[in-house]
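Participant: Would you mind keeping the following structure in view while I ask a few things?
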Amino acid sequence: DTGVSQDPRHKITKRGQNVTFRCDPISEHNRLYWYRQTLGQGPEFLTYFQNEAQLEKSRLLSDRFSAERPKGSFSTLEIQRTEQGDSAMYLCATRALAGQYEQYFGPGTRLTVT
Amino acid sequence: DAKTTQPPSMDCAEGRAANLPCNHSTISVNEYVYWYRQIHSQGPQYIIHGLKNNETNEMASLIITEDRKSSTLTLPHATLRDTAVYYCIVGDRNNDYKLSFGAGTTVTVRA
């Protein structure tokens, strides 16, 4: 257990529905990252926050995706109008702002779109 | 785009050292080499990182060649629990340590 938690761990939804995932970081970690991982591939960067500010978004993050980190604490990732191609593991990772290089990953949320 | 090249898979005998190679011939002067691993159905786990010196911690050792174009991660006494996908990643402060994973090396430790 890294101290980063994600909820839910598994989500099955029908195409066209909206889903929201939550990540609770290690409390003193300022940086929070979202990654997506499809079967057989390494994780791909989606977006990251420093405190409540979203500093970068990947081209992978289409308009149907939105992420927030209100008050610089937990973060949510919402996918609107889900498509079958959104089926993946969504991973959250956090890192302390200064003097620490490693990211601590949560267990992930497995999304299946039927 | 991943900046590293790793063998897709390797086997290792339990109790023996596992040496995982990684090529990063286009690494820039400010980029670090990171190693993470991912055990099945879990999130990636940080192992070790280095810039140009050899590094050791309780999990592994990292040797980076003098020209920094390649590195080797060593698990000194592999156990069955070390079976995982191992990722070699390069990244620097300019990208805020954003990790760019490749396909990694699937390491299978056999009894």
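We label chains A, B, ... in the order they appear in the structure tokens, count residues from 1 in each chain, and number ligands from 1 in the order shown.
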Using only C-alpha atoms, what does the table of chain A residues within 9 Å of chain B look like, with each row giving the shortest atom pair and its distance in Å to one decimal, sorted by chain and ascending number, as a tab-separated table?
Facilitator:
```
residue	atom	partner	partner_atom	distance
A:Thr2	CA	B:Gln45	CA	8.6
A:Tyr33	CA	B:Lys98	CA	8.2
A:Gly40	CA	B:Ala103	CA	7.6
A:Gln41	CA	B:Ala103	CA	5.5
A:Gly42	CA	B:Ala103	CA	5.2
A:Pro43	CA	B:Phe101	CA	5.9
A:Glu44	CA	B:Phe101	CA	6.6
A:Phe45	CA	B:Ser100	CA	6.9
A:Tyr48	CA	B:Lys98	CA	8.5
A:Leu91	CA	B:Gly43	CA	6.9
A:Cys92	CA	B:Gly43	CA	8.5
A:Ala93	CA	B:Gly43	CA	8.8
A:Tyr101	CA	B:Tyr97	CA	7.1
A:Glu102	CA	B:Tyr46	CA	6.2
A:Gln103	CA	B:Tyr46	CA	6.8
A:Tyr104	CA	B:Gln45	CA	6.9
A:Phe105	CA	B:Gly43	CA	5.5
A:Gly106	CA	B:Gly43	CA	5.7
A:Pro107	CA	B:Gly43	CA	4.7
A:Gly108	CA	B:Gly43	CA	6.2
```
Participant: Based on DSSP run over this structure's backbone, return all residues of stretch 38-79 of chain B in strand (DSSP E or B), as a PyMOL selection string.
Facilitator: chain B and resi 38+45-50+55-56+61-64+70-75
Participant: With N, CA, C and O atoms retained, could you export that selection as a PDB file, in the first residue's frame?
Facilitator:
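Dumped to part_15.pdb:
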```
ATOM      1  N   GLN B  38       5.819  -3.241 -12.294  1.00  0.00           N
ATOM      2  CA  GLN B  38       4.385  -3.389 -12.135  1.00  0.00           C
ATOM      3  C   GLN B  38       4.057  -4.873 -12.019  1.00  0.00           C
ATOM      4  O   GLN B  38       4.208  -5.612 -12.992  1.00  0.00           O
ATOM      5  N   GLN B  45       5.378   0.483  -9.267  1.00  0.00           N
ATOM      6  CA  GLN B  45       6.098   0.720  -8.028  1.00  0.00           C
ATOM      7  C   GLN B  45       7.486   1.239  -8.354  1.00  0.00           C
ATOM      8  O   GLN B  45       8.206   0.656  -9.165  1.00  0.00           O
ATOM      9  N   TYR B  46       7.864   2.345  -7.731  1.00  0.00           N
ATOM     10  CA  TYR B  46       9.205   2.903  -7.912  1.00  0.00           C
ATOM     11  C   TYR B  46      10.255   1.938  -7.369  1.00  0.00           C
ATOM     12  O   TYR B  46      10.073   1.342  -6.297  1.00  0.00           O
ATOM     13  N   ILE B  47      11.356   1.789  -8.125  1.00  0.00           N
ATOM     14  CA  ILE B  47      12.455   0.952  -7.651  1.00  0.00           C
ATOM     15  C   ILE B  47      13.667   1.816  -7.301  1.00  0.00           C
ATOM     16  O   ILE B  47      14.164   1.790  -6.180  1.00  0.00           O
ATOM     17  N   ILE B  48      14.163   2.570  -8.291  1.00  0.00           N
ATOM     18  CA  ILE B  48      15.423   3.283  -8.109  1.00  0.00           C
ATOM     19  C   ILE B  48      15.563   4.301  -9.227  1.00  0.00           C
ATOM     20  O   ILE B  48      14.885   4.204 -10.254  1.00  0.00           O
ATOM     21  N   HIS B  49      16.424   5.286  -9.042  1.00  0.00           N
ATOM     22  CA  HIS B  49      16.740   6.202 -10.120  1.00  0.00           C
ATOM     23  C   HIS B  49      18.192   6.642  -9.991  1.00  0.00           C
ATOM     24  O   HIS B  49      18.806   6.507  -8.916  1.00  0.00           O
ATOM     25  N   GLY B  50      18.737   7.179 -11.093  1.00  0.00           N
ATOM     26  CA  GLY B  50      20.105   7.686 -11.075  1.00  0.00           C
ATOM     27  C   GLY B  50      20.324   8.674 -12.187  1.00  0.00           C
ATOM     28  O   GLY B  50      19.586   8.698 -13.173  1.00  0.00           O
ATOM     29  N   GLU B  55      23.862   3.522  -8.299  1.00  0.00           N
ATOM     30  CA  GLU B  55      23.004   3.676  -7.130  1.00  0.00           C
ATOM     31  C   GLU B  55      22.604   2.309  -6.599  1.00  0.00           C
ATOM     32  O   GLU B  55      22.460   1.355  -7.370  1.00  0.00           O
ATOM     33  N   THR B  56      22.397   2.251  -5.303  1.00  0.00           N
ATOM     34  CA  THR B  56      21.943   1.011  -4.663  1.00  0.00           C
ATOM     35  C   THR B  56      20.953   1.362  -3.577  1.00  0.00           C
ATOM     36  O   THR B  56      21.138   2.344  -2.853  1.00  0.00           O
ATOM     37  N   SER B  61      20.129  -2.537  -7.513  1.00  0.00           N
ATOM     38  CA  SER B  61      21.284  -1.705  -7.868  1.00  0.00           C
ATOM     39  C   SER B  61      21.114  -1.225  -9.294  1.00  0.00           C
ATOM     40  O   SER B  61      20.555  -1.942 -10.136  1.00  0.00           O
ATOM     41  N   LEU B  62      21.598  -0.023  -9.544  1.00  0.00           N
ATOM     42  CA  LEU B  62      21.534   0.561 -10.876  1.00  0.00           C
ATOM     43  C   LEU B  62      22.936   0.956 -11.295  1.00  0.00           C
ATOM     44  O   LEU B  62      23.614   1.703 -10.583  1.00  0.00           O
ATOM     45  N   ILE B  63      23.351   0.429 -12.436  1.00  0.00           N
ATOM     46  CA  ILE B  63      24.642   0.800 -13.007  1.00  0.00           C
ATOM     47  C   ILE B  63      24.388   1.523 -14.316  1.00  0.00           C
ATOM     48  O   ILE B  63      23.721   0.992 -15.206  1.00  0.00           O
ATOM     49  N   ILE B  64      24.897   2.734 -14.422  1.00  0.00           N
ATOM     50  CA  ILE B  64      24.755   3.546 -15.622  1.00  0.00           C
ATOM     51  C   ILE B  64      26.134   3.645 -16.262  1.00  0.00           C
ATOM     52  O   ILE B  64      27.111   3.973 -15.585  1.00  0.00           O
ATOM     53  N   SER B  70      23.351   3.623 -21.715  1.00  0.00           N
ATOM     54  CA  SER B  70      22.685   2.394 -21.295  1.00  0.00           C
ATOM     55  C   SER B  70      22.827   2.217 -19.788  1.00  0.00           C
ATOM     56  O   SER B  70      23.663   2.867 -19.145  1.00  0.00           O
ATOM     57  N   SER B  71      21.990   1.350 -19.258  1.00  0.00           N
ATOM     58  CA  SER B  71      22.044   1.067 -17.823  1.00  0.00           C
ATOM     59  C   SER B  71      21.586  -0.361 -17.584  1.00  0.00           C
ATOM     60  O   SER B  71      20.983  -1.001 -18.465  1.00  0.00           O
ATOM     61  N   THR B  72      21.889  -0.851 -16.391  1.00  0.00           N
ATOM     62  CA  THR B  72      21.482  -2.193 -15.998  1.00  0.00           C
ATOM     63  C   THR B  72      20.922  -2.147 -14.588  1.00  0.00           C
ATOM     64  O   THR B  72      21.556  -1.598 -13.678  1.00  0.00           O
ATOM     65  N   LEU B  73      19.734  -2.685 -14.438  1.00  0.00           N
ATOM     66  CA  LEU B  73      19.135  -2.843 -13.123  1.00  0.00           C
ATOM     67  C   LEU B  73      19.414  -4.260 -12.652  1.00  0.00           C
ATOM     68  O   LEU B  73      19.184  -5.216 -13.394  1.00  0.00           O
ATOM     69  N   THR B  74      19.903  -4.398 -11.428  1.00  0.00           N
ATOM     70  CA  THR B  74      20.182  -5.715 -10.876  1.00  0.00           C
ATOM     71  C   THR B  74      19.332  -5.964  -9.641  1.00  0.00           C
ATOM     72  O   THR B  74      19.351  -5.163  -8.700  1.00  0.00           O
ATOM     73  N   LEU B  75      18.594  -7.056  -9.678  1.00  0.00           N
ATOM     74  CA  LEU B  75      17.920  -7.554  -8.483  1.00  0.00           C
ATOM     75  C   LEU B  75      18.839  -8.630  -7.923  1.00  0.00           C
ATOM     76  O   LEU B  75      19.018  -9.679  -8.558  1.00  0.00           O
TER      77      LEU B  75
END
```
Participant: Residues within 9 Å of A:Phe65, please, as a ChimeraX atom specification. Count only C-alpha atoms; anything in the same chain fewer than 5 positions from it doesn't count.
Facilitator: /A:77-80
Participant: Filtering to N, CA and C atoms, could you give me those residues as an mmCIF file, in the first residue's frame?
Facilitator:
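Okay, part.cif is ready:
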```
data_model
loop_
_atom_site.group_PDB
_atom_site.id
_atom_site.type_symbol
_atom_site.label_atom_id
_atom_site.label_comp_id
_atom_site.auth_asym_id
_atom_site.auth_seq_id
_atom_site.Cartn_x
_atom_site.Cartn_y
_atom_site.Cartn_z
ATOM 1 N N LEU A 77 -11.438 12.334 -12.051
ATOM 2 C CA LEU A 77 -11.320 12.232 -13.511
ATOM 3 C C LEU A 77 -12.684 11.792 -14.031
ATOM 4 N N GLU A 78 -13.286 12.610 -14.877
ATOM 5 C CA GLU A 78 -14.601 12.297 -15.420
ATOM 6 C C GLU A 78 -14.488 12.017 -16.913
ATOM 7 N N ILE A 79 -15.173 10.995 -17.347
ATOM 8 C CA ILE A 79 -15.274 10.706 -18.772
ATOM 9 C C ILE A 79 -16.745 10.802 -19.141
ATOM 10 N N GLN A 80 -17.048 11.668 -20.084
ATOM 11 C CA GLN A 80 -18.422 11.809 -20.552
ATOM 12 C C GLN A 80 -18.629 10.989 -21.817
#
```
Participant: Please identify all polymer residues within 12 Å of A:Asp86, counting only C-alpha atoms, omitting same-chain residues fewer than 5 positions from it, and present them as a ChimeraX atom specification.
Facilitator: /A:11-19,36-39,60-62,64-65,78-81,110-114
Participant: Have a look at atom CA of B:Thr106 and atom CA of B:Ser25 and let me know their distance in Å, one decimal.
Facilitator: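 Between atom CA of B:Thr106 and atom CA of B:Ser25 the gap works out to 21.4 Å.
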Participant: Grab the atom CA of A:Ala67 to atom CA of A:Val4 distance for me, in Å with one decimal place.
Facilitator: 17.0 Å
Participant: What's the 8 Å shell around B:Ala13, counting only C-alpha atoms, without same-chain residues fewer than 3 positions away, as a list in words?
Facilitator: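 Once the adjacent positions are removed, what remains is Arg16, Ala78, Val109, Arg110 and Ala111 of chain B.
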Participant: Got a sec: who's within 10 Å of A:Glu28, counting only C-alpha atoms, leaving out chain neighbours fewer than 4 positions off, as a list in words?
Facilitator: Ser73, Thr94, Arg95, Ala96 and Leu97 of chain A
Participant: Provide the atom CA of A:Lys71 to atom CA of A:His10 distance in Å, to one decimal place.
Facilitator: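 For atom CA of A:Lys71 relative to atom CA of A:His10, the distance reads 26.0 Å.
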